>>> print(open('model-v2.cif').read())   # mmCIF, C-alpha atoms
data_start
loop_
_atom_site.group_PDB
_atom_site.id
_atom_site.type_symbol
_atom_site.label_atom_id
_atom_site.label_comp_id
_atom_site.auth_asym_id
_atom_site.auth_seq_id
_atom_site.Cartn_x
_atom_site.Cartn_y
_atom_site.Cartn_z
ATOM 1 C CA GLN Y 54 191.341 -99.867 33.720
ATOM 2 C CA LEU Y 55 194.586 -98.903 32.014
ATOM 3 C CA PHE Y 56 194.427 -102.069 29.917
ATOM 4 C CA SER Y 57 190.845 -101.263 28.883
ATOM 5 C CA ILE Y 58 191.957 -97.784 27.802
ATOM 6 C CA PHE Y 59 194.638 -99.314 25.575
ATOM 7 C CA ILE Y 60 192.058 -101.667 24.048
ATOM 8 C CA ILE Y 61 189.602 -98.842 23.423
ATOM 9 C CA SER Y 62 192.290 -96.667 21.840
ATOM 10 C CA ILE Y 63 192.927 -99.443 19.309
ATOM 11 C CA LEU Y 64 189.216 -99.891 18.605
ATOM 12 C CA LYS Y 65 188.807 -96.139 18.097
ATOM 13 C CA ASN Y 66 192.149 -95.783 16.281
ATOM 14 C CA GLU Y 67 193.265 -93.081 18.721
ATOM 15 C CA GLN Y 68 196.707 -92.271 20.085
ATOM 16 C CA LEU Y 69 197.376 -92.243 23.811
ATOM 17 C CA ASN Y 70 199.736 -90.064 25.769
ATOM 18 C CA ARG Y 71 200.118 -89.837 29.526
ATOM 19 C CA GLU Y 72 197.976 -86.715 29.780
ATOM 20 C CA LYS Y 73 195.043 -88.275 27.963
ATOM 21 C CA ILE Y 74 195.216 -91.435 30.051
ATOM 22 C CA GLY Y 75 195.399 -89.347 33.213
ATOM 23 C CA ALA Y 76 192.362 -87.301 32.224
ATOM 24 C CA LEU Y 77 190.356 -90.494 31.714
ATOM 25 C CA LEU Y 78 191.435 -92.339 34.849
ATOM 26 C CA TRP Y 79 191.978 -89.540 37.346
ATOM 27 C CA PRO Y 80 190.120 -86.444 36.117
ATOM 28 C CA ASN Y 81 190.140 -84.762 39.531
ATOM 29 C CA LEU Y 82 193.764 -85.326 40.547
ATOM 30 C CA ALA Y 83 196.667 -82.899 40.343
ATOM 31 C CA SER Y 84 199.141 -83.544 37.526
ATOM 32 C CA SER Y 85 201.898 -84.618 39.936
ATOM 33 C CA LYS Y 86 199.704 -87.330 41.443
ATOM 34 C CA ILE Y 87 198.512 -88.382 38.004
ATOM 35 C CA THR Y 88 202.110 -88.946 36.909
ATOM 36 C CA ASN Y 89 202.817 -91.143 39.920
ATOM 37 C CA ASN Y 90 199.582 -93.115 39.543
ATOM 38 C CA PHE Y 91 200.204 -93.613 35.847
ATOM 39 C CA HIS Y 92 203.683 -95.064 36.292
ATOM 40 C CA VAL Y 93 202.462 -97.385 39.060
ATOM 41 C CA CYS Y 94 199.602 -98.670 36.876
ATOM 42 C CA LEU Y 95 201.854 -98.998 33.830
ATOM 43 C CA SER Y 96 204.406 -100.972 35.824
ATOM 44 C CA GLN Y 97 201.697 -103.300 37.141
ATOM 45 C CA LEU Y 98 200.278 -103.828 33.660
ATOM 46 C CA LYS Y 99 203.712 -104.661 32.237
ATOM 47 C CA LYS Y 100 204.177 -107.275 34.954
ATOM 48 C CA VAL Y 101 200.931 -108.916 33.875
ATOM 49 C CA ILE Y 102 201.262 -108.842 30.079
ATOM 50 C CA GLY Y 103 205.018 -108.315 29.631
ATOM 51 C CA ASN Y 104 207.193 -105.356 28.631
ATOM 52 C CA ASP Y 105 207.226 -106.237 24.942
ATOM 53 C CA TYR Y 106 203.522 -105.554 24.480
ATOM 54 C CA ILE Y 107 203.639 -101.861 25.368
ATOM 55 C CA SER Y 108 205.699 -99.423 23.333
ATOM 56 C CA TYR Y 109 206.465 -95.746 23.854
ATOM 57 C CA LYS Y 110 207.447 -93.490 20.974
ATOM 58 C CA SER Y 111 207.056 -89.754 20.388
ATOM 59 C CA ARG Y 112 205.163 -89.411 23.690
ATOM 60 C CA VAL Y 113 202.612 -91.997 22.551
ATOM 61 C CA TYR Y 114 201.929 -95.261 24.373
ATOM 62 C CA LYS Y 115 200.707 -98.182 22.308
ATOM 63 C CA LEU Y 116 199.646 -101.774 22.865
ATOM 64 C CA ASN Y 117 201.335 -104.085 20.350
ATOM 65 C CA ASN Y 118 201.013 -107.655 19.082
ATOM 66 C CA VAL Y 119 197.834 -108.385 21.004
ATOM 67 C CA TRP Y 120 194.843 -110.162 19.459
ATOM 68 C CA ILE Y 121 191.662 -108.287 20.354
ATOM 69 C CA ASP Y 122 188.401 -110.134 19.900
ATOM 70 C CA ALA Y 123 186.393 -106.910 19.623
ATOM 71 C CA LEU Y 124 188.578 -105.717 16.739
ATOM 72 C CA GLU Y 125 188.237 -109.078 14.990
ATOM 73 C CA PHE Y 126 184.484 -108.882 15.593
ATOM 74 C CA LYS Y 127 184.245 -105.475 13.913
ATOM 75 C CA ASP Y 128 186.360 -106.593 10.955
ATOM 76 C CA LEU Y 129 184.253 -109.718 10.416
ATOM 77 C CA ILE Y 130 181.027 -107.721 10.285
ATOM 78 C CA HIS Y 131 182.527 -105.048 8.041
ATOM 79 C CA ASN Y 132 183.853 -107.661 5.612
ATOM 80 C CA GLY Y 133 180.652 -109.683 5.756
ATOM 81 C CA LYS Y 134 178.550 -106.647 4.928
ATOM 82 C CA ALA Y 135 180.809 -105.811 1.971
ATOM 83 C CA MET Y 136 180.522 -109.378 0.677
ATOM 84 C CA LEU Y 137 176.747 -109.335 1.064
ATOM 85 C CA ASN Y 138 176.554 -106.110 -0.924
ATOM 86 C CA GLN Y 139 178.608 -107.797 -3.662
ATOM 87 C CA GLY Y 140 176.215 -110.738 -3.778
ATOM 88 C CA LYS Y 141 178.723 -113.119 -2.167
ATOM 89 C CA ILE Y 142 176.143 -114.669 0.117
ATOM 90 C CA HIS Y 143 177.977 -117.778 1.332
ATOM 91 C CA PRO Y 144 181.251 -116.019 2.315
ATOM 92 C CA ALA Y 145 179.168 -113.292 3.991
ATOM 93 C CA GLU Y 146 177.298 -115.917 5.999
ATOM 94 C CA ILE Y 147 180.574 -117.372 7.263
ATOM 95 C CA LYS Y 148 181.767 -113.940 8.389
ATOM 96 C CA PHE Y 149 178.523 -113.153 10.218
ATOM 97 C CA LYS Y 150 178.484 -116.523 11.983
ATOM 98 C CA LYS Y 151 182.071 -116.082 13.170
ATOM 99 C CA ALA Y 152 181.286 -112.583 14.419
ATOM 100 C CA ILE Y 153 178.215 -113.762 16.323
ATOM 101 C CA GLU Y 154 180.239 -116.567 17.916
ATOM 102 C CA LEU Y 155 182.835 -114.023 19.055
ATOM 103 C CA TYR Y 156 180.321 -111.795 20.821
ATOM 104 C CA LYS Y 157 180.217 -112.863 24.468
ATOM 105 C CA GLY Y 158 178.085 -110.100 25.940
ATOM 106 C CA ASN Y 159 178.685 -106.537 27.026
ATOM 107 C CA PHE Y 160 182.172 -105.115 26.485
ATOM 108 C CA PHE Y 161 183.947 -104.682 29.876
ATOM 109 C CA GLU Y 162 180.630 -105.379 31.593
ATOM 110 C CA ASP Y 163 181.814 -104.346 35.052
ATOM 111 C CA SER Y 164 182.944 -100.893 33.915
ATOM 112 C CA TYR Y 165 180.511 -97.974 34.069
ATOM 113 C CA ASP Y 166 182.740 -95.274 32.593
ATOM 114 C CA SER Y 167 181.302 -93.228 29.736
ATOM 115 C CA TRP Y 168 184.314 -93.931 27.499
ATOM 116 C CA VAL Y 169 183.595 -97.649 27.851
ATOM 117 C CA ASP Y 170 179.855 -97.175 27.266
ATOM 118 C CA GLU Y 171 180.530 -95.706 23.827
ATOM 119 C CA ILE Y 172 182.383 -98.794 22.611
ATOM 120 C CA ARG Y 173 180.016 -101.149 24.427
ATOM 121 C CA ASN Y 174 177.008 -99.633 22.667
ATOM 122 C CA GLU Y 175 178.789 -99.682 19.308
ATOM 123 C CA LEU Y 176 179.620 -103.384 19.642
ATOM 124 C CA LEU Y 177 176.087 -104.223 20.767
ATOM 125 C CA SER Y 178 174.705 -102.357 17.758
ATOM 126 C CA LEU Y 179 177.065 -104.268 15.453
ATOM 127 C CA TYR Y 180 176.026 -107.572 17.028
ATOM 128 C CA ARG Y 181 172.381 -106.731 16.407
ATOM 129 C CA ARG Y 182 173.213 -105.786 12.809
ATOM 130 C CA ALA Y 183 175.077 -109.086 12.330
ATOM 131 C CA LEU Y 184 172.031 -111.008 13.568
ATOM 132 C CA LEU Y 185 169.813 -109.146 11.124
ATOM 133 C CA MET Y 186 172.146 -109.613 8.150
ATOM 134 C CA LEU Y 187 172.608 -113.310 8.921
ATOM 135 C CA GLY Y 188 168.835 -113.568 9.166
ATOM 136 C CA GLU Y 189 168.520 -112.006 5.718
ATOM 137 C CA VAL Y 190 171.034 -114.510 4.338
ATOM 138 C CA CYS Y 191 169.075 -117.406 5.837
ATOM 139 C CA LEU Y 192 165.863 -115.970 4.407
ATOM 140 C CA ARG Y 193 167.409 -115.766 0.927
ATOM 141 C CA LYS Y 194 168.431 -119.402 1.247
ATOM 142 C CA LEU Y 195 164.908 -120.315 2.423
ATOM 143 C CA ARG Y 196 166.258 -121.545 5.769
ATOM 144 C CA PHE Y 197 163.274 -120.167 7.597
ATOM 145 C CA ASP Y 198 163.867 -121.698 11.035
ATOM 146 C CA GLU Y 199 167.334 -120.145 11.232
ATOM 147 C CA ALA Y 200 166.034 -116.797 10.003
ATOM 148 C CA ILE Y 201 163.305 -116.850 12.654
ATOM 149 C CA GLU Y 202 165.906 -117.654 15.313
ATOM 150 C CA MET Y 203 167.921 -114.584 14.298
ATOM 151 C CA GLY Y 204 164.808 -112.408 14.498
ATOM 152 C CA LYS Y 205 163.972 -113.719 17.958
ATOM 153 C CA ASN Y 206 167.550 -113.099 19.099
ATOM 154 C CA ILE Y 207 167.222 -109.471 18.001
ATOM 155 C CA LEU Y 208 164.050 -109.059 20.044
ATOM 156 C CA ASN Y 209 165.735 -110.716 23.024
ATOM 157 C CA LEU Y 210 168.227 -107.848 22.906
ATOM 158 C CA ASP Y 211 165.474 -105.252 22.657
ATOM 159 C CA PRO Y 212 161.745 -106.128 22.571
ATOM 160 C CA PHE Y 213 161.072 -102.662 21.118
ATOM 161 C CA ASP Y 214 163.296 -103.211 18.070
ATOM 162 C CA GLU Y 215 160.715 -102.543 15.367
ATOM 163 C CA GLU Y 216 162.998 -103.646 12.552
ATOM 164 C CA GLY Y 217 163.342 -106.974 14.336
ATOM 165 C CA HIS Y 218 159.568 -107.291 14.516
ATOM 166 C CA ARG Y 219 159.260 -106.476 10.814
ATOM 167 C CA PHE Y 220 161.881 -109.057 9.942
ATOM 168 C CA LEU Y 221 159.964 -111.743 11.828
ATOM 169 C CA ILE Y 222 156.636 -110.679 10.295
ATOM 170 C CA ARG Y 223 158.158 -110.820 6.813
ATOM 171 C CA THR Y 224 159.891 -114.146 7.449
ATOM 172 C CA TYR Y 225 156.745 -115.788 8.758
ATOM 173 C CA SER Y 226 154.824 -114.487 5.752
ATOM 174 C CA ILE Y 227 157.379 -115.681 3.180
ATOM 175 C CA SER Y 228 157.543 -119.102 4.842
ATOM 176 C CA GLY Y 229 153.777 -119.469 4.487
ATOM 177 C CA GLU Y 230 153.024 -118.906 8.177
ATOM 178 C CA LYS Y 231 150.486 -116.116 7.669
ATOM 179 C CA ALA Y 232 148.858 -116.585 11.080
ATOM 180 C CA LYS Y 233 152.228 -116.279 12.834
ATOM 181 C CA ALA Y 234 153.040 -113.162 10.801
ATOM 182 C CA ILE Y 235 149.770 -111.560 11.886
ATOM 183 C CA ASN Y 236 150.334 -112.628 15.485
ATOM 184 C CA GLN Y 237 153.818 -111.097 15.451
ATOM 185 C CA TYR Y 238 152.374 -107.778 14.316
ATOM 186 C CA ILE Y 239 149.734 -107.930 17.053
ATOM 187 C CA LYS Y 240 152.462 -108.580 19.651
ATOM 188 C CA CYS Y 241 154.412 -105.582 18.350
ATOM 189 C CA ALA Y 242 151.362 -103.305 18.253
ATOM 190 C CA ASP Y 243 150.186 -104.330 21.737
ATOM 191 C CA LEU Y 244 153.657 -103.792 23.205
ATOM 192 C CA PHE Y 245 154.023 -100.363 21.633
ATOM 193 C CA GLN Y 246 150.533 -99.309 22.685
ATOM 194 C CA LYS Y 247 150.941 -100.526 26.262
ATOM 195 C CA GLU Y 248 154.498 -99.387 26.956
ATOM 196 C CA LEU Y 249 155.030 -96.458 24.567
ATOM 197 C CA ASN Y 250 151.451 -95.300 23.999
ATOM 198 C CA CYS Y 251 151.932 -95.314 20.237
ATOM 199 C CA LEU Y 252 151.347 -97.447 17.170
ATOM 200 C CA PRO Y 253 154.030 -99.173 15.089
ATOM 201 C CA SER Y 254 155.470 -97.076 12.273
ATOM 202 C CA ASP Y 255 153.764 -96.638 8.907
ATOM 203 C CA GLN Y 256 156.324 -99.023 7.410
ATOM 204 C CA THR Y 257 155.324 -101.782 9.817
ATOM 205 C CA GLN Y 258 151.609 -101.132 9.337
ATOM 206 C CA LYS Y 259 151.987 -101.242 5.545
ATOM 207 C CA LEU Y 260 153.757 -104.594 5.821
ATOM 208 C CA TYR Y 261 150.916 -105.907 7.978
ATOM 209 C CA ASN Y 262 148.234 -104.603 5.614
ATOM 210 C CA ALA Y 263 149.994 -106.208 2.644
ATOM 211 C CA ILE Y 264 149.934 -109.558 4.433
ATOM 212 C CA VAL Y 265 146.297 -109.469 5.544
ATOM 213 C CA GLY Y 266 145.223 -108.155 2.125
#
>>> encode(input="model-v2.cif", output="structure tokens")
Amino acid sequence: QLFSIFIISILKNEQLNREKIGALLWPNLASSKITNNFHVCLSQLKKVIGNDYISYKSRVYKLNNVWIDALEFKDLIHNGKAMLNQGKIHPAEIKFKKAIELYKGNFFEDSYDSWVDEIRNELLSLYRRALLMLGEVCLRKLRFDEAIEMGKNILNLDPFDEEGHRFLIRTYSISGEKAKAINQYIKCADLFQKELNCLPSDQTQKLYNAIVG
């Protein structure tokens, strides 16, 4: 858990002191016990990763010289989005593909702490966004099968992702698969009606109406 706190502090660009770590790991313990627990955990962590990777300066503990896949993942998506906005489609595609390859599922999947949930949800949201942006790149390049795959991957994450449904509807329509576009809308509408007791948004309905004429 101490290692995960160090990782999260880097991802959130936050500084860590002993008090903050103690409040996260042992919120109900007295300060004297927290101090003892902290030094035991820190000693164990140093034995695993080595003394050189943890520094202490001005009451702040920091993890150094460690490659973090989640940080690389965030940077790839950020840079890819910037490139896409600049019209640099091919370099953006490379960034998105690398980011998607890096994502291996939920961040610290076995941890149920709220401070892990925040990062986990952020990374999942970024992964979904990378799928959508890569799908848009494939659509621009008229690589319809790949674009459809990205849309389906989004819905595998969340069947209620309406933007994912719209992307598939639009992709099917642009690729000349009008029947599949209509069927995708029907799937979306039926799911929303059955599970949420509501219709798709006006934006989705307008897209559907434009396709059916």
>>> resolve_selection(input="model-v2.cif", expression="the PyMOL selection byres ((chain Y and resi 142-159) around 10)", output="PDB file with C-alpha atoms, keeping the file's coordinate frame")
ATOM      1  CA  ASP Y 122     188.401-110.134  19.900  1.00  0.00           C
ATOM      2  CA  ALA Y 123     186.393-106.910  19.623  1.00  0.00           C
ATOM      3  CA  GLU Y 125     188.237-109.078  14.990  1.00  0.00           C
ATOM      4  CA  PHE Y 126     184.484-108.882  15.593  1.00  0.00           C
ATOM      5  CA  LYS Y 127     184.245-105.475  13.913  1.00  0.00           C
ATOM      6  CA  ASP Y 128     186.360-106.593  10.955  1.00  0.00           C
ATOM      7  CA  LEU Y 129     184.253-109.718  10.416  1.00  0.00           C
ATOM      8  CA  ILE Y 130     181.027-107.721  10.285  1.00  0.00           C
ATOM      9  CA  HIS Y 131     182.527-105.048   8.041  1.00  0.00           C
ATOM     10  CA  ASN Y 132     183.853-107.661   5.612  1.00  0.00           C
ATOM     11  CA  GLY Y 133     180.652-109.683   5.756  1.00  0.00           C
ATOM     12  CA  LYS Y 134     178.550-106.647   4.928  1.00  0.00           C
ATOM     13  CA  ALA Y 135     180.809-105.811   1.971  1.00  0.00           C
ATOM     14  CA  MET Y 136     180.522-109.378   0.677  1.00  0.00           C
ATOM     15  CA  LEU Y 137     176.747-109.335   1.064  1.00  0.00           C
ATOM     16  CA  ASN Y 138     176.554-106.110  -0.924  1.00  0.00           C
ATOM     17  CA  GLN Y 139     178.608-107.797  -3.662  1.00  0.00           C
ATOM     18  CA  GLY Y 140     176.215-110.738  -3.778  1.00  0.00           C
ATOM     19  CA  LYS Y 141     178.723-113.119  -2.167  1.00  0.00           C
ATOM     20  CA  PHE Y 160     182.172-105.115  26.485  1.00  0.00           C
ATOM     21  CA  PHE Y 161     183.947-104.682  29.876  1.00  0.00           C
ATOM     22  CA  GLU Y 162     180.630-105.379  31.593  1.00  0.00           C
ATOM     23  CA  ASP Y 163     181.814-104.346  35.052  1.00  0.00           C
ATOM     24  CA  SER Y 164     182.944-100.893  33.915  1.00  0.00           C
ATOM     25  CA  ASP Y 170     179.855 -97.175  27.266  1.00  0.00           C
ATOM     26  CA  ILE Y 172     182.383 -98.794  22.611  1.00  0.00           C
ATOM     27  CA  ARG Y 173     180.016-101.149  24.427  1.00  0.00           C
ATOM     28  CA  ASN Y 174     177.008 -99.633  22.667  1.00  0.00           C
ATOM     29  CA  LEU Y 176     179.620-103.384  19.642  1.00  0.00           C
ATOM     30  CA  LEU Y 177     176.087-104.223  20.767  1.00  0.00           C
ATOM     31  CA  LEU Y 179     177.065-104.268  15.453  1.00  0.00           C
ATOM     32  CA  TYR Y 180     176.026-107.572  17.028  1.00  0.00           C
ATOM     33  CA  ARG Y 181     172.381-106.731  16.407  1.00  0.00           C
ATOM     34  CA  ARG Y 182     173.213-105.786  12.809  1.00  0.00           C
ATOM     35  CA  ALA Y 183     175.077-109.086  12.330  1.00  0.00           C
ATOM     36  CA  LEU Y 184     172.031-111.008  13.568  1.00  0.00           C
ATOM     37  CA  LEU Y 185     169.813-109.146  11.124  1.00  0.00           C
ATOM     38  CA  MET Y 186     172.146-109.613   8.150  1.00  0.00           C
ATOM     39  CA  LEU Y 187     172.608-113.310   8.921  1.00  0.00           C
ATOM     40  CA  GLY Y 188     168.835-113.568   9.166  1.00  0.00           C
ATOM     41  CA  GLU Y 189     168.520-112.006   5.718  1.00  0.00           C
ATOM     42  CA  VAL Y 190     171.034-114.510   4.338  1.00  0.00           C
ATOM     43  CA  CYS Y 191     169.075-117.406   5.837  1.00  0.00           C
ATOM     44  CA  ARG Y 193     167.409-115.766   0.927  1.00  0.00           C
ATOM     45  CA  LYS Y 194     168.431-119.402   1.247  1.00  0.00           C
TER      46      LYS Y 194
END
>>> residues_around(input="model-v2.cif", residues="Gln258 (chain Y)", least_positions_apart="4", cutoff="12 Å", atoms="only C-alpha atoms", output="PyMOL selection string")
chain Y and resi 215+218-219+222-223+235+237-239+241-242+252-254+262-266
>>> write_last_selection(input="model-v2.cif", atoms="C-alpha atoms", output="PDB file, in the frame of the given file")
ATOM      1  CA  GLU Y 215     160.715-102.543  15.367  1.00  0.00           C
ATOM      2  CA  HIS Y 218     159.568-107.291  14.516  1.00  0.00           C
ATOM      3  CA  ARG Y 219     159.260-106.476  10.814  1.00  0.00           C
ATOM      4  CA  ILE Y 222     156.636-110.679  10.295  1.00  0.00           C
ATOM      5  CA  ARG Y 223     158.158-110.820   6.813  1.00  0.00           C
ATOM      6  CA  ILE Y 235     149.770-111.560  11.886  1.00  0.00           C
ATOM      7  CA  GLN Y 237     153.818-111.097  15.451  1.00  0.00           C
ATOM      8  CA  TYR Y 238     152.374-107.778  14.316  1.00  0.00           C
ATOM      9  CA  ILE Y 239     149.734-107.930  17.053  1.00  0.00           C
ATOM     10  CA  CYS Y 241     154.412-105.582  18.350  1.00  0.00           C
ATOM     11  CA  ALA Y 242     151.362-103.305  18.253  1.00  0.00           C
ATOM     12  CA  LEU Y 252     151.347 -97.447  17.170  1.00  0.00           C
ATOM     13  CA  PRO Y 253     154.030 -99.173  15.089  1.00  0.00           C
ATOM     14  CA  SER Y 254     155.470 -97.076  12.273  1.00  0.00           C
ATOM     15  CA  ASN Y 262     148.234-104.603   5.614  1.00  0.00           C
ATOM     16  CA  ALA Y 263     149.994-106.208   2.644  1.00  0.00           C
ATOM     17  CA  ILE Y 264     149.934-109.558   4.433  1.00  0.00           C
ATOM     18  CA  VAL Y 265     146.297-109.469   5.544  1.00  0.00           C
ATOM     19  CA  GLY Y 266     145.223-108.155   2.125  1.00  0.00           C
TER      20      GLY Y 266
END
>>> atom_distance(input="model-v2.cif", atom1="CA of Leu116 (chain Y)", atom2="CA of Ala83 (chain Y)")
25.9 Å
>>> closest_residue(input="model-v2.cif", among="Y:Glu199, Y:Asp243, Y:Glu248, Y:Asp211", to="Thr224 (chain Y)", atoms="all atoms listed in the file")
Y:Glu199
>>> axis_aligned_box(input="model-v2.cif", around="region 146-151 of chain Y", padding_each_side="3 Å", output="AutoDock Vina command-line options")
--center_x 179.7 --center_y -115.3 --center_z 9.6 --size_x 10.8 --size_y 10.2 --size_z 13.2
>>> atom_distance(input="model-v2.cif", atom1="CA of Glu175 (chain Y)", atom2="CA of Leu208 (chain Y)")
17.5 Å
>>> resolve_selection(input="model-v2.cif", expression="the PyMOL selection byres ((chain Y and resi 68) around 8)", output="number ranges by chain")
Y: 62, 66-67, 69-70, 113-115
>>> write_last_selection(input="model-v2.cif", atoms="C-alpha atoms", output="PDB file, in the coordinates of the input")
ATOM      1  CA  SER Y  62     192.290 -96.667  21.840  1.00  0.00           C
ATOM      2  CA  ASN Y  66     192.149 -95.783  16.281  1.00  0.00           C
ATOM      3  CA  GLU Y  67     193.265 -93.081  18.721  1.00  0.00           C
ATOM      4  CA  LEU Y  69     197.376 -92.243  23.811  1.00  0.00           C
ATOM      5  CA  ASN Y  70     199.736 -90.064  25.769  1.00  0.00           C
ATOM      6  CA  VAL Y 113     202.612 -91.997  22.551  1.00  0.00           C
ATOM      7  CA  TYR Y 114     201.929 -95.261  24.373  1.00  0.00           C
ATOM      8  CA  LYS Y 115     200.707 -98.182  22.308  1.00  0.00           C
TER       9      LYS Y 115
END
>>> atom_distance(input="model-v2.cif", atom1="CA of Leu249 (chain Y)", atom2="CA of Asn209 (chain Y)")
17.9 Å
>>> resolve_selection(input="model-v2.cif", expression="the PyMOL selection byres ((chain Y and resi 96-109) around 10)", output="list in words")
Gln54, Leu55, Phe56, Phe59, Leu69, Asn70, Asn90, Phe91, His92, Val93, Cys94, Leu95, Lys110, Ser111, Arg112, Val113, Tyr114, Lys115, Leu116, Asn117, Asn118 and Val119 of chain Y
>>> residues_near_point(input="model-v2.cif", point="(162.5, -116.1, 3.7)", cutoff="7 Å", atoms="only C-alpha atoms", output="PyMOL selection string")
chain Y and resi 192-193+195-197+224+227-228
>>> decode(input="model-v2.cif", residues="region 118-130 of chain Y", atoms="N, CA and C atoms", output="PDB file, in the first residue's frame")
ATOM      1  N   ASN Y 118      13.370   7.989 -10.012  1.00  0.00           N
ATOM      2  CA  ASN Y 118      13.975   7.141 -11.052  1.00  0.00           C
ATOM      3  C   ASN Y 118      13.216   5.833 -11.279  1.00  0.00           C
ATOM      4  N   VAL Y 119      11.908   5.929 -11.235  1.00  0.00           N
ATOM      5  CA  VAL Y 119      11.066   4.754 -11.461  1.00  0.00           C
ATOM      6  C   VAL Y 119      10.149   5.028 -12.648  1.00  0.00           C
ATOM      7  N   TRP Y 120      10.156   4.113 -13.627  1.00  0.00           N
ATOM      8  CA  TRP Y 120       9.244   4.257 -14.766  1.00  0.00           C
ATOM      9  C   TRP Y 120       7.858   3.794 -14.349  1.00  0.00           C
ATOM     10  N   ILE Y 121       6.866   4.645 -14.571  1.00  0.00           N
ATOM     11  CA  ILE Y 121       5.494   4.342 -14.164  1.00  0.00           C
ATOM     12  C   ILE Y 121       4.622   4.282 -15.413  1.00  0.00           C
ATOM     13  N   ASP Y 122       4.069   3.119 -15.667  1.00  0.00           N
ATOM     14  CA  ASP Y 122       3.289   2.954 -16.897  1.00  0.00           C
ATOM     15  C   ASP Y 122       2.076   3.874 -16.933  1.00  0.00           C
ATOM     16  N   ALA Y 123       1.451   4.106 -15.782  1.00  0.00           N
ATOM     17  CA  ALA Y 123       0.270   4.971 -15.748  1.00  0.00           C
ATOM     18  C   ALA Y 123       0.620   6.410 -16.120  1.00  0.00           C
ATOM     19  N   LEU Y 124       1.802   6.861 -15.709  1.00  0.00           N
ATOM     20  CA  LEU Y 124       2.240   8.218 -16.051  1.00  0.00           C
ATOM     21  C   LEU Y 124       2.545   8.314 -17.544  1.00  0.00           C
ATOM     22  N   GLU Y 125       3.199   7.295 -18.076  1.00  0.00           N
ATOM     23  CA  GLU Y 125       3.470   7.239 -19.515  1.00  0.00           C
ATOM     24  C   GLU Y 125       2.155   7.212 -20.300  1.00  0.00           C
ATOM     25  N   PHE Y 126       1.207   6.451 -19.797  1.00  0.00           N
ATOM     26  CA  PHE Y 126      -0.120   6.343 -20.411  1.00  0.00           C
ATOM     27  C   PHE Y 126      -0.795   7.707 -20.507  1.00  0.00           C
ATOM     28  N   LYS Y 127      -0.766   8.455 -19.410  1.00  0.00           N
ATOM     29  CA  LYS Y 127      -1.385   9.788 -19.401  1.00  0.00           C
ATOM     30  C   LYS Y 127      -0.678  10.733 -20.367  1.00  0.00           C
ATOM     31  N   ASP Y 128       0.645  10.676 -20.387  1.00  0.00           N
ATOM     32  CA  ASP Y 128       1.412  11.556 -21.278  1.00  0.00           C
ATOM     33  C   ASP Y 128       1.129  11.242 -22.750  1.00  0.00           C
ATOM     34  N   LEU Y 129       1.025   9.962 -23.076  1.00  0.00           N
ATOM     35  CA  LEU Y 129       0.760   9.568 -24.459  1.00  0.00           C
ATOM     36  C   LEU Y 129      -0.587  10.109 -24.937  1.00  0.00           C
ATOM     37  N   ILE Y 130      -1.596  10.004 -24.085  1.00  0.00           N
ATOM     38  CA  ILE Y 130      -2.925  10.481 -24.471  1.00  0.00           C
ATOM     39  C   ILE Y 130      -2.943  12.001 -24.574  1.00  0.00           C
TER      40      ILE Y 130
END
